[in-house]
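The block underneath contains the structure these notes are about, expressed in structure tokens.
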Amino acid sequence: MSPETQTTPGTVGLFVTCLVDLQRPNVGFASIRLLEAAGCKVVVPESQTCCGQPAYNSGDNASAQRIARNVIEAFEGLDHVVAPSGSCAGMIREHFPELFEGDAEWQPRAQALAERTHELTSFLIDVLGADPAQLIPDTARFDGIVTYHDSCSGLRELGIKEQPRALLASVTGLDLKEMDDTEVCCGFGGTFCVKYPDISERMVSDKAALVKATGAGAVLGGDMGCLLNIAGRLSRLDQDVRVYHVAEVLAGMTDVAPIGAVNNAIADNGKANEGTRR
Amino acid sequence: MKPESLAFSANASRALLDEDLKAALSHVKTGFVGKRLEAISVVPEWQQIREEAAALKNHVLDNLDHYLVAYEASVQRNGGHVHWASDGDELARVVVDICTQAGARTVAKGKTMVGEEADVNGALEAAGIEPIETDLGEYIIQLAKEPPSHIIAPAVHKTKEQVADLFHEHHQQYGLTERLIDRGALVNEARTVLREKFRVADVGITGANFLIAETGQHVLVTNEGNGDLTSNLPRVQIVVVGIEKVVPTLEDASSLLRLLARSATGQHFSNYTSLMSGPKREGDLDGPDAFHVVLVDNKRTEMLAGDLKEMLRCIRCGACMNHCPVYGSVGGHAYGWVYPGPMGSVVTPAIIGVEKAKDLPHACTLNGRCAEVCPMSIPLPKLLRRHRQTTFERGLQSANARYGLGLWAWAASRPKLYRGLTRMSVSLLSRLGRRRGHFRRLPFAGGWTQARDLPAPQGGSTFMSLYAQQRSAEEAGQ
């Protein structure tokens with residue numbers, strides 16, 4: 001699809017998210033590929049770090065504000081801000097304005113940013129009204145049964161449920177089979193999982209069992225936090241289930257090893273990191 | 001009851017090893033979650049009722065003094081007595097005084113969570129008066145000498161087999177010597193024992209779901225009918241209730257009742273929804289000779305004045321805990337005080353003090369399912385965050401958490417430094433984790449690696465540096 005055939009959706013600032021930055025660059029590149037395929041001009045502001053959610057959820061509002069001001073400054077003036085995460089997009093959309101309540105200078109700026117910020121699949125479907133059949137490249141082939149974990153913040157703060165499924169329906173070979181309790185938390189919860197490892201272990205074990213019960217060969221999701229948690233548990237249990245971020249599958253960029261695993265064929269050639277670049 | 005919320009972590013870890021508890025808690029999901037969904041699915045105006053209910057309660061809370069005084073006057077008009085208790089100790093004192101003056105030896109008790117706040121049973125026993133719980137679940141845990149683990153299903157943590165053992169042990173004195181295991185048979189056995197207790201009780205104590213300011217009535221919802229027997233058979237009736245339970249009129253109570261049972265048990269209406277007011281009037285066939293209401297504050301006015309006001313909309317349905325994956329994992333006792341689950345993690349620190357319950361607001365993934373199902377639209381995650389702010393401001397979080405977070409936040413607000421630090425650590429971890437794709441163990445990551453592997457960073461470097469490299473390569477190529 002060439003950008004000239006449609007009205008330009010404008011410039012999108014990619015909010016990479018700290019976990020994608022640190023753990024899974026492929027998700028960032030996949031997001032760019034999808035946004036560009038939808039006709040967006042994508043920029044990646046250099047001064048971004050994190051959305052500040054760990055501080056906010058720990059009750060450290062002063063630190064959260066400091067980090068939030070950095071985000072606001074980095075992304076001001078762009079048409080849209082898109083994050084491959086419901087959790088981080090939810091933080092900016094729902095909580096930045098709250099965080100600056102009563103602050104005459106920063107509250108309006110936070111509010112303005114909030115209104116322009118979207119989670120990736122929601123942006124493609126709800127904002128751009130993209131036709132999944134046209135958007136998803138033919139190379140996005142993913143064979144077999146997959147299941148999808150609904151991450152809590154995206155689901156409950158942003159109403160993300162059908163958007164990733166609508167997009168996945170256009171991926172060749174992919175057969176989505178829902179797990180029971182797909183809307184139940186996986187036990188990640190940011191710092192929760194290290195503060196209360198025993199409880200988190202029970203929750204993620206329950207989730208791993210539900211994934212396994214579908215018979216799926218892969219579990220997908222839209223948030224790296226949940227995916228690292230689920231992948232880590234599946235790996236510890238030696239379960240042969242691949243874990244990918246939904247953006248990687250949609251962009252046809254699953255030639256890298258699944259989260260937490262090695263792609264033996266590639267690793268043996270000493271090229272484990274290939275495929276992160278387009 | 002004596003708060004043990006400070007031991008939350010240890011209690012939770014112990015609870016997770018309890019296989020009986022795990023089996024018992026699985027019924028919360030099958031028994032409550034599915035039935036609630038079924039019940040609300042046939043009420044198309046559900047969201048509208050929720051909105052109206054929240055608006056109604058907000059109105060009441062904004063005019064609480066007015067409605068409480070109106071309720072007091074209505075009760076007095078009906079011939080009842082109204083007592084005000086500012087805290088749990090005062091509540092216990094008032095109840096014991098009334099019972100002592102009535103010459104009571106045994107007291108029948110319907111379920112009252114407010115009574116648990118004050119350990120009314122302990123106070124009665126200390127005064128030589130025997131309290132007998134008449135709600136089946138409360139009766140079971142009274143035999144087991146345990147506190148409730150759920151606000152509407154106090155014995156939800158017990159398996160059928162454990163109940164069979166308890167009854168077998170305690171009912172032999174009544175000549176019931178067979179160990180029954182069938183659910184229906186166990187219920188009948190409890191009924192046989194309790195019927196006699198109702199008959200001899202001098203005082204009946206219940207809670208109330210709603211107080212009607214206009215009429216002085218109270219609404220009591222049960223599934224076993226024990227509330228009616230507790231209220232009507234003894235000579236003296238005492239209702240202990242939080243001040244937030246008042247509503248203006250019967251119509252208002254009826255709209256809240258539409259939400260209550262559906263959210264709680266998935267019933268459209270509870271088996272018994274009773275309206276009661278005052279003592280027996282001339283010509284009445286039954287009812288108590290004397291009627292008392294104790295209106296309990298116990299920090300509710302502080303919540304009203306502070307930033308936890310929305311919590312006072314709670315109608316105690318238990319939907320939040322039924323849908324909470326943490327509650328579903330550890331059960332109610334781990335929370336260490338009267339109220340467990342999400343609502344408990346807001347209410348407990350508010351009543352007993354954040355210092356004595358500092359873990360509770362943090363023992364939550366903020367997944368929001370509680371707020372989603374709350375019939376009164378209480379923003380539980382937001383209120384938990386408020387408590388978290390308090391624990392941060394008062395330095396109540398662990399030193400590791402504070403320093404770790406502080407260091408990270410310091411770096412995260414310095415983009416250049418952050419970029420350098422993350423690039424270094426990621427390239428190191430990438431190299432170390434390349435062969436397996438994950439780590440089984442890592443220094444300082446024990447909380448994570450206890451139960452799961454840590455995926456190794458995928459790209460060899462951070463996204464930001466890979467992206468920068470790609471951009472400069474593209475520019476060089478042009």
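In the structure tokens, chains take letters A, B, ... by order of appearance, with residues numbered from 1 within each chain and ligands from 1 in the order shown.
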
Run DSSP on the backbone and give me the residues of stretch 92-261 of chain B it puts in strand (DSSP E or B), as an mmCIF file with N, CA and C atoms, in the first residue's frame.
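For reference, part.cif as written:
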```cif
data_model
loop_
_atom_site.group_PDB
_atom_site.id
_atom_site.type_symbol
_atom_site.label_atom_id
_atom_site.label_comp_id
_atom_site.auth_asym_id
_atom_site.auth_seq_id
_atom_site.Cartn_x
_atom_site.Cartn_y
_atom_site.Cartn_z
ATOM 1 N N THR B 106 -27.310 -15.939 76.642
ATOM 2 C CA THR B 106 -26.856 -16.261 75.285
ATOM 3 C C THR B 106 -27.398 -15.231 74.291
ATOM 4 N N VAL B 107 -26.597 -14.993 73.286
ATOM 5 C CA VAL B 107 -26.940 -14.022 72.248
ATOM 6 C C VAL B 107 -26.877 -14.722 70.893
ATOM 7 N N ALA B 108 -27.948 -14.645 70.126
ATOM 8 C CA ALA B 108 -27.909 -15.158 68.753
ATOM 9 C C ALA B 108 -27.382 -14.056 67.855
ATOM 10 N N LYS B 109 -26.475 -14.404 66.980
ATOM 11 C CA LYS B 109 -25.922 -13.381 66.087
ATOM 12 C C LYS B 109 -26.154 -13.736 64.629
ATOM 13 N N GLU B 130 -22.685 -15.823 76.140
ATOM 14 C CA GLU B 130 -22.282 -16.691 75.038
ATOM 15 C C GLU B 130 -22.879 -16.207 73.713
ATOM 16 N N PRO B 131 -22.026 -15.806 72.753
ATOM 17 C CA PRO B 131 -22.553 -15.438 71.433
ATOM 18 C C PRO B 131 -22.641 -16.686 70.551
ATOM 19 N N ILE B 132 -23.734 -16.821 69.826
ATOM 20 C CA ILE B 132 -23.875 -17.962 68.919
ATOM 21 C C ILE B 132 -24.126 -17.442 67.520
ATOM 22 N N GLU B 133 -23.192 -17.731 66.632
ATOM 23 C CA GLU B 133 -23.355 -17.305 65.241
ATOM 24 C C GLU B 133 -24.417 -18.182 64.579
ATOM 25 N N VAL B 203 -30.910 -12.251 73.445
ATOM 26 C CA VAL B 203 -30.708 -11.073 72.604
ATOM 27 C C VAL B 203 -30.344 -11.546 71.198
ATOM 28 N N GLY B 204 -30.809 -10.827 70.210
ATOM 29 C CA GLY B 204 -30.405 -11.109 68.827
ATOM 30 C C GLY B 204 -29.642 -9.931 68.263
ATOM 31 N N ILE B 205 -28.479 -10.205 67.679
ATOM 32 C CA ILE B 205 -27.684 -9.127 67.078
ATOM 33 C C ILE B 205 -27.511 -9.407 65.590
ATOM 34 N N THR B 206 -27.845 -8.440 64.768
ATOM 35 C CA THR B 206 -27.587 -8.571 63.333
ATOM 36 C C THR B 206 -26.926 -7.291 62.825
ATOM 37 N N PHE B 210 -29.196 -1.970 54.619
ATOM 38 C CA PHE B 210 -29.577 -0.573 54.379
ATOM 39 C C PHE B 210 -30.423 -0.074 55.537
ATOM 40 N N LEU B 211 -30.285 1.214 55.826
ATOM 41 C CA LEU B 211 -31.142 1.870 56.808
ATOM 42 C C LEU B 211 -31.997 2.870 56.048
ATOM 43 N N ILE B 212 -33.294 2.884 56.338
ATOM 44 C CA ILE B 212 -34.181 3.788 55.610
ATOM 45 C C ILE B 212 -34.468 5.007 56.485
ATOM 46 N N HIS B 218 -34.906 -1.076 58.709
ATOM 47 C CA HIS B 218 -33.654 -1.520 58.117
ATOM 48 C C HIS B 218 -33.931 -2.732 57.242
ATOM 49 N N VAL B 219 -33.076 -2.879 56.251
ATOM 50 C CA VAL B 219 -33.202 -3.996 55.313
ATOM 51 C C VAL B 219 -32.106 -5.000 55.634
ATOM 52 N N LEU B 220 -32.502 -6.257 55.732
ATOM 53 C CA LEU B 220 -31.544 -7.310 56.036
ATOM 54 C C LEU B 220 -31.685 -8.409 54.988
ATOM 55 N N VAL B 221 -30.570 -8.720 54.361
ATOM 56 C CA VAL B 221 -30.565 -9.699 53.268
ATOM 57 C C VAL B 221 -29.834 -10.955 53.724
ATOM 58 N N THR B 222 -30.500 -12.091 53.655
ATOM 59 C CA THR B 222 -29.817 -13.359 53.954
ATOM 60 C C THR B 222 -30.319 -14.432 52.997
ATOM 61 N N VAL B 236 -34.695 -9.049 73.008
ATOM 62 C CA VAL B 236 -34.052 -7.776 72.690
ATOM 63 C C VAL B 236 -33.333 -7.885 71.343
ATOM 64 N N GLN B 237 -33.532 -6.895 70.505
ATOM 65 C CA GLN B 237 -32.878 -6.904 69.197
ATOM 66 C C GLN B 237 -31.877 -5.758 69.112
ATOM 67 N N ILE B 238 -30.678 -6.084 68.651
ATOM 68 C CA ILE B 238 -29.672 -5.035 68.428
ATOM 69 C C ILE B 238 -29.211 -5.104 66.972
ATOM 70 N N VAL B 239 -29.209 -3.957 66.319
ATOM 71 C CA VAL B 239 -28.661 -3.868 64.967
ATOM 72 C C VAL B 239 -27.384 -3.045 65.055
ATOM 73 N N VAL B 240 -26.271 -3.611 64.602
ATOM 74 C CA VAL B 240 -25.026 -2.833 64.568
ATOM 75 C C VAL B 240 -24.696 -2.569 63.103
ATOM 76 N N VAL B 241 -24.412 -1.321 62.803
ATOM 77 C CA VAL B 241 -24.323 -0.963 61.389
ATOM 78 C C VAL B 241 -23.453 0.283 61.194
ATOM 79 N N GLY B 242 -22.729 0.308 60.094
ATOM 80 C CA GLY B 242 -21.909 1.470 59.761
ATOM 81 C C GLY B 242 -22.782 2.633 59.320
ATOM 82 N N VAL B 246 -27.033 4.270 55.444
ATOM 83 C CA VAL B 246 -28.340 4.928 55.395
ATOM 84 C C VAL B 246 -28.671 5.356 53.963
ATOM 85 N N VAL B 247 -29.937 5.205 53.588
ATOM 86 C CA VAL B 247 -30.443 5.744 52.316
ATOM 87 C C VAL B 247 -31.743 6.488 52.620
#
```

(request) Tell me which protein, DNA and RNA residues are within 7 Å of A:Leu120, counting only C-alpha atoms, leaving out same-chain ones fewer than 4 positions away, and put them as a PyMOL selection string. (result) chain A and resi 82-84+124

(request) Record the distance separating atom CA of A:Val81 and atom CA of A:Val12, expressed in Å with one decimal. (result) 5.5 Å

Quick one: everything within 12 Å of B:Arg258, counting only C-alpha atoms, minus sequence neighbours fewer than 6 positions away in the same chain. Send it as a PDB file with C-alpha atoms, in the first residue's frame.
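Result file part.pdb:
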```pdb
ATOM      1  CA  ALA B  39     -27.488 -12.891  36.402  1.00  0.00           C
ATOM      2  CA  ILE B  40     -26.473  -9.487  35.054  1.00  0.00           C
ATOM      3  CA  VAL B  43     -30.580  -7.088  33.003  1.00  0.00           C
ATOM      4  CA  GLU B  45     -30.233  -1.697  32.117  1.00  0.00           C
ATOM      5  CA  TRP B  46     -27.420  -2.925  34.396  1.00  0.00           C
ATOM      6  CA  GLN B  47     -25.028  -0.065  33.597  1.00  0.00           C
ATOM      7  CA  GLN B  48     -27.777   2.469  34.075  1.00  0.00           C
ATOM      8  CA  ILE B  49     -28.708   1.034  37.478  1.00  0.00           C
ATOM      9  CA  ARG B  50     -25.037   1.176  38.447  1.00  0.00           C
ATOM     10  CA  GLU B  52     -27.947   5.735  39.347  1.00  0.00           C
ATOM     11  CA  ALA B  53     -26.839   3.793  42.399  1.00  0.00           C
ATOM     12  CA  VAL B 221     -30.565  -9.699  53.268  1.00  0.00           C
ATOM     13  CA  GLU B 251     -37.317   3.089  46.792  1.00  0.00           C
ATOM     14  CA  ASP B 252     -33.642   3.962  47.081  1.00  0.00           C
ATOM     15  CA  ALA B 264     -22.759 -11.008  45.337  1.00  0.00           C
ATOM     16  CA  GLY B 266     -25.437 -14.166  41.111  1.00  0.00           C
ATOM     17  CA  GLN B 267     -28.975 -14.468  42.451  1.00  0.00           C
ATOM     18  CA  HIS B 268     -31.555 -12.042  41.180  1.00  0.00           C
ATOM     19  CA  PHE B 269     -32.723 -11.619  44.732  1.00  0.00           C
ATOM     20  CA  SER B 270     -31.537 -13.171  47.954  1.00  0.00           C
ATOM     21  CA  THR B 273     -34.939  -9.697  52.039  1.00  0.00           C
ATOM     22  CA  ILE B 315     -22.620  -2.207  49.671  1.00  0.00           C
ATOM     23  CA  CYS B 317     -21.373  -7.543  47.944  1.00  0.00           C
ATOM     24  CA  PRO B 375     -21.758  -2.449  41.262  1.00  0.00           C
ATOM     25  CA  MET B 376     -21.104   0.903  42.919  1.00  0.00           C
TER      26      MET B 376
END
```

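Atom to atom, atom CA of A:Asp175 and atom CA of A:Ile145 stand 4.6 Å apart.
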
(message) Taking 4 positions as the minimum chain separation for residues in the same chain, which residues sit within 9 Å of A:Leu237 when counting only C-alpha atoms? Answer as a list in words.
(response)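 With the cut-off at 9 Å, the set is Ala208, Gly232 and Arg233 of chain A; Arg452 of chain B.
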
Could you write out that same residue set with N, CA and C atoms as a PDB file, in the first residue's frame?
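Wrote result12.pdb, looks like this:
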```
ATOM      1  N   ALA A 208      -0.209 -19.916  32.693  1.00  0.00           N
ATOM      2  CA  ALA A 208       0.533 -20.846  31.833  1.00  0.00           C
ATOM      3  C   ALA A 208      -0.299 -22.106  31.570  1.00  0.00           C
ATOM      4  N   GLY A 232       8.622 -16.243  30.726  1.00  0.00           N
ATOM      5  CA  GLY A 232       9.551 -16.701  31.752  1.00  0.00           C
ATOM      6  C   GLY A 232       9.030 -17.923  32.478  1.00  0.00           C
ATOM      7  N   ARG A 233       7.727 -17.933  32.751  1.00  0.00           N
ATOM      8  CA  ARG A 233       7.138 -19.080  33.444  1.00  0.00           C
ATOM      9  C   ARG A 233       7.088 -20.302  32.534  1.00  0.00           C
TER      10      ARG A 233
ATOM     11  N   ARG B 452      10.309 -17.906  37.580  1.00  0.00           N
ATOM     12  CA  ARG B 452      10.342 -17.858  36.119  1.00  0.00           C
ATOM     13  C   ARG B 452      11.736 -17.481  35.642  1.00  0.00           C
TER      14      ARG B 452
END
```

(message) Need to verify the contact set: A:Ser170, 7 Å, only C-alpha atoms, exclusion of same-chain residues closer than 5 positions in sequence. Can you return it as a PyMOL selection string?
(response) chain A and resi 132-133+136

(message) Quick check, in Å to one decimal: how far apart do atom CA of A:Ala112 and atom CA of A:His80 lie?
(response)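 According to the coordinates, atom CA of A:Ala112 and atom CA of A:His80 are separated by 10.5 Å.
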
(message) Among stretch 266-310 of chain B, which ones does DSSP assign to helix (DSSP H, G or I) (computed from the backbone)? Answer as a ChimeraX atom specification.
(response) /B:300-305,309-310

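Proximity ranking of A:Asp240, A:Glu105, A:Glu36, A:Asp181 relative to chain B places A:Asp181 first, based on only C-alpha atoms.
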
(request) Go through B:Arg93, B:Arg191, B:His168, B:Arg431 one by one, measure the shortest atom-to-atom distance of each to B:Leu136 using only C-alpha atoms, and give the residue with the smallest value. (result)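 Among the listed residues, B:Arg191 lies closest to B:Leu136.
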
(message) Nearest residue to A:Trp106 out of A:Leu19, A:Leu155, A:Ala169, A:Ala68, using only C-alpha atoms?
(response) A:Ala68

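Using only C-alpha atoms, the shortest contact distance between A:Phe142 and any of A:Phe96, A:Phe192, A:Tyr244, A:Phe75 is found at A:Tyr244.
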
Just the residues within 6 Å of stretch 176-180 of chain A, please, counting only C-alpha atoms, with nothing from its chain fewer than 6 positions along; format it as a PDB file with N, CA and C atoms, in the first residue's frame.
```pdb
ATOM      1  N   ILE A 145      -1.940 -22.885  15.749  1.00  0.00           N
ATOM      2  CA  ILE A 145      -2.878 -22.344  16.735  1.00  0.00           C
ATOM      3  C   ILE A 145      -2.146 -21.369  17.653  1.00  0.00           C
ATOM      4  N   VAL A 146      -2.717 -20.186  17.818  1.00  0.00           N
ATOM      5  CA  VAL A 146      -2.160 -19.243  18.794  1.00  0.00           C
ATOM      6  C   VAL A 146      -3.286 -18.844  19.749  1.00  0.00           C
ATOM      7  N   THR A 147      -2.880 -18.409  20.911  1.00  0.00           N
ATOM      8  CA  THR A 147      -3.864 -17.861  21.836  1.00  0.00           C
ATOM      9  C   THR A 147      -3.417 -16.464  22.238  1.00  0.00           C
ATOM     10  N   LEU A 210      -3.560 -22.294  31.525  1.00  0.00           N
ATOM     11  CA  LEU A 210      -4.659 -21.949  30.614  1.00  0.00           C
ATOM     12  C   LEU A 210      -4.154 -21.854  29.170  1.00  0.00           C
ATOM     13  N   THR A 214      -5.095 -24.736  25.749  1.00  0.00           N
ATOM     14  CA  THR A 214      -5.652 -24.473  24.415  1.00  0.00           C
ATOM     15  C   THR A 214      -4.971 -25.326  23.353  1.00  0.00           C
TER      16      THR A 214
END
```

(message) Which residues are near B:Ala363? Cut-off 12 Å, only C-alpha atoms, ignore same chain within fewer than 4 positions. Put them as a PyMOL selection string.
(response) (chain A and resi 57-58+187-200) or (chain B and resi 5-6+8-9+12+324-327+329-330+334-335+340-342+344-346+357-359+367+381+384-385+387-388)

Could you write out that same residue set with C-alpha atoms as an mmCIF file, in the first residue's frame?
```
data_model
loop_
_atom_site.group_PDB
_atom_site.id
_atom_site.type_symbol
_atom_site.label_atom_id
_atom_site.label_comp_id
_atom_site.auth_asym_id
_atom_site.auth_seq_id
_atom_site.Cartn_x
_atom_site.Cartn_y
_atom_site.Cartn_z
ATOM 1 C CA ASN A 57 2.147 2.836 41.054
ATOM 2 C CA SER A 58 4.554 2.896 43.977
ATOM 3 C CA GLY A 187 0.444 -11.853 37.817
ATOM 4 C CA PHE A 188 2.995 -9.413 36.408
ATOM 5 C CA GLY A 189 1.714 -6.164 37.873
ATOM 6 C CA GLY A 190 4.993 -4.239 37.515
ATOM 7 C CA THR A 191 6.868 -4.316 40.797
ATOM 8 C CA PHE A 192 4.185 -6.626 42.204
ATOM 9 C CA CYS A 193 5.855 -9.664 40.661
ATOM 10 C CA VAL A 194 9.094 -9.123 42.541
ATOM 11 C CA LYS A 195 7.536 -7.799 45.748
ATOM 12 C CA TYR A 196 5.164 -10.758 46.056
ATOM 13 C CA PRO A 197 6.889 -13.495 44.056
ATOM 14 C CA ASP A 198 4.892 -16.328 45.641
ATOM 15 C CA ILE A 199 1.513 -14.850 44.736
ATOM 16 C CA SER A 200 2.748 -13.849 41.308
ATOM 17 C CA SER B 5 -2.151 -7.453 58.332
ATOM 18 C CA LEU B 6 1.541 -6.717 58.839
ATOM 19 C CA PHE B 8 0.478 -10.363 54.931
ATOM 20 C CA SER B 9 3.447 -11.637 52.953
ATOM 21 C CA ALA B 12 0.045 -15.313 51.839
ATOM 22 C CA CYS B 324 -9.535 -10.631 42.426
ATOM 23 C CA PRO B 325 -6.787 -13.004 41.296
ATOM 24 C CA VAL B 326 -4.748 -12.229 44.415
ATOM 25 C CA TYR B 327 -7.669 -13.029 46.713
ATOM 26 C CA SER B 329 -4.745 -17.229 45.201
ATOM 27 C CA VAL B 330 -4.254 -16.526 48.892
ATOM 28 C CA ALA B 334 -3.882 -13.639 54.552
ATOM 29 C CA TYR B 335 -5.174 -10.059 54.658
ATOM 30 C CA PRO B 340 -10.115 -9.025 52.648
ATOM 31 C CA GLY B 341 -9.623 -8.538 48.922
ATOM 32 C CA PRO B 342 -9.638 -5.214 47.089
ATOM 33 C CA GLY B 344 -10.411 -4.754 52.329
ATOM 34 C CA SER B 345 -7.115 -3.413 51.065
ATOM 35 C CA VAL B 346 -8.730 0.031 50.923
ATOM 36 C CA ALA B 357 -1.529 -2.672 57.003
ATOM 37 C CA LYS B 358 1.157 -1.239 54.763
ATOM 38 C CA ASP B 359 1.386 -4.325 52.538
ATOM 39 C CA ASN B 367 -5.446 -5.116 36.982
ATOM 40 C CA PRO B 381 -7.202 0.760 42.014
ATOM 41 C CA LEU B 384 -5.227 1.690 46.499
ATOM 42 C CA ARG B 385 -2.797 4.065 44.788
ATOM 43 C CA HIS B 387 -2.747 4.425 50.103
ATOM 44 C CA ARG B 388 0.458 3.656 48.225
#
```

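Comparing the minimum interatomic distances between chain B and each of A:Lys41, A:Arg165, A:Lys207, A:Arg93, counting only C-alpha atoms, we find that A:Lys207 sits nearest.
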
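Proximity ranking of B:Ser13, B:Asn400, B:Asn121, B:Thr348 relative to chain A places B:Ser13 first, based on only C-alpha atoms.
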